[in-house]
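S.K.: Quick one: this structure, given as structure tokens, is what I'll be asking you about.
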Amino acid sequence: MKVNSQIKSLRKQAGYTLIELAISIAIISVLVVGALFGVQKILDNNHVNATSQQVSLANTNITKFSTMLADKTFITDTNAAANLGIWPDNILTKDATGKVTKVTNPFGGNYFTASNSAAVGAVAPASGYYIYITNVPDKVCAAVAGMFGASTWQIRIADEAAAIVAPTAAVSITAGTEVKAPGADRISFANLNTACGTAAARKTVYLFYPL
């Protein structure tokens, strides 16, 4: 009797069955996937907020230097603008000579600035500038545009091109879909839905500001 009791005790301590292990793994997998989605959502929100802060800083500095300097060509020259402190230093990539070669946004793309060369819309400001935000994920495209809806003169959103290079001259942006018409009070939901809803996973957001 004592031996039988010990055998039964050993059987009880033998471990989990395959079914129990499979159920445990399935539950853990669901929890891990859920946690990853939650973390990604937090990261996306952080990137959107960081973009807002960095662009707001750039706008403040561009306005300041545009008032101080007679020559506004620094807006189009990425290196010159960066050397003036337009962007935070921690998002700049420099070569061996100290020249800025890249201004990285939170989505892993670039920030570019450009002055305007033509009237933007029927009633355009006399002068102004563009800020490009490249490599914006489609899932936060609307959030990024919405952050700047109240402060910009015009917003356009285009599917990410194969390669977007820094402007070297004044430009007039016509790419993509106009989601905020020149001088309008609000963003067009229909146009925003169209621009952010295309199959392209990455977008470029063009913001236009008057000077």
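Every chain in the structure tokens takes a letter, A first, then B, and so on in the order presented; its residues are numbered from 1, and the ligands are numbered from 1 following the presented order.
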Among region 86-120 of chain A, which residues does DSSP mark as strand (DSSP E or B) when it is run on the backbone? Keep the chain and numbering as in the structure and answer as a list in words.
M.R.: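 Residues meeting the strand (DSSP E or B) criterion: Leu92, Thr93, Lys94, Val100, Thr101, Lys102, Val103, Thr104, Asn110, Tyr111, Phe112, Thr113, Ala114, Ser115 and Asn116 of chain A.
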S.K.: Can you pull out the residues contacting Lys94 (chain A)? Cut-off 12 Å, using only C-alpha atoms, and skip same-chain residues under 2 positions away; I want them as a count of residues only.
M.R.: 17
S.K.: Restricting the calculation to only C-alpha atoms: of A:Met147, A:Leu211, A:Val171, A:Ala158, which residue gets closest to Ala118 (chain A)?
M.R.: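 Checking each of A:Met147, A:Leu211, A:Val171, A:Ala158 against Ala118 (chain A), counting only C-alpha atoms, the winner is A:Val171.
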S.K.: Give me, as a ChimeraX atom specification, all polymer residues having an atom no more than 8 Å from region 46-63 of chain A, counting only C-alpha atoms and skipping those fewer than 5 positions away in the same chain.
M.R.: /A:75,85-88,105-107,140,143-144,147-148,211
S.K.: Work out how far apart CA of Tyr111 (chain A) and CA of Ala190 (chain A) are and give it in Å to one decimal.
M.R.: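 Separating CA of Tyr111 (chain A) from CA of Ala190 (chain A) is a distance of 26.2 Å.
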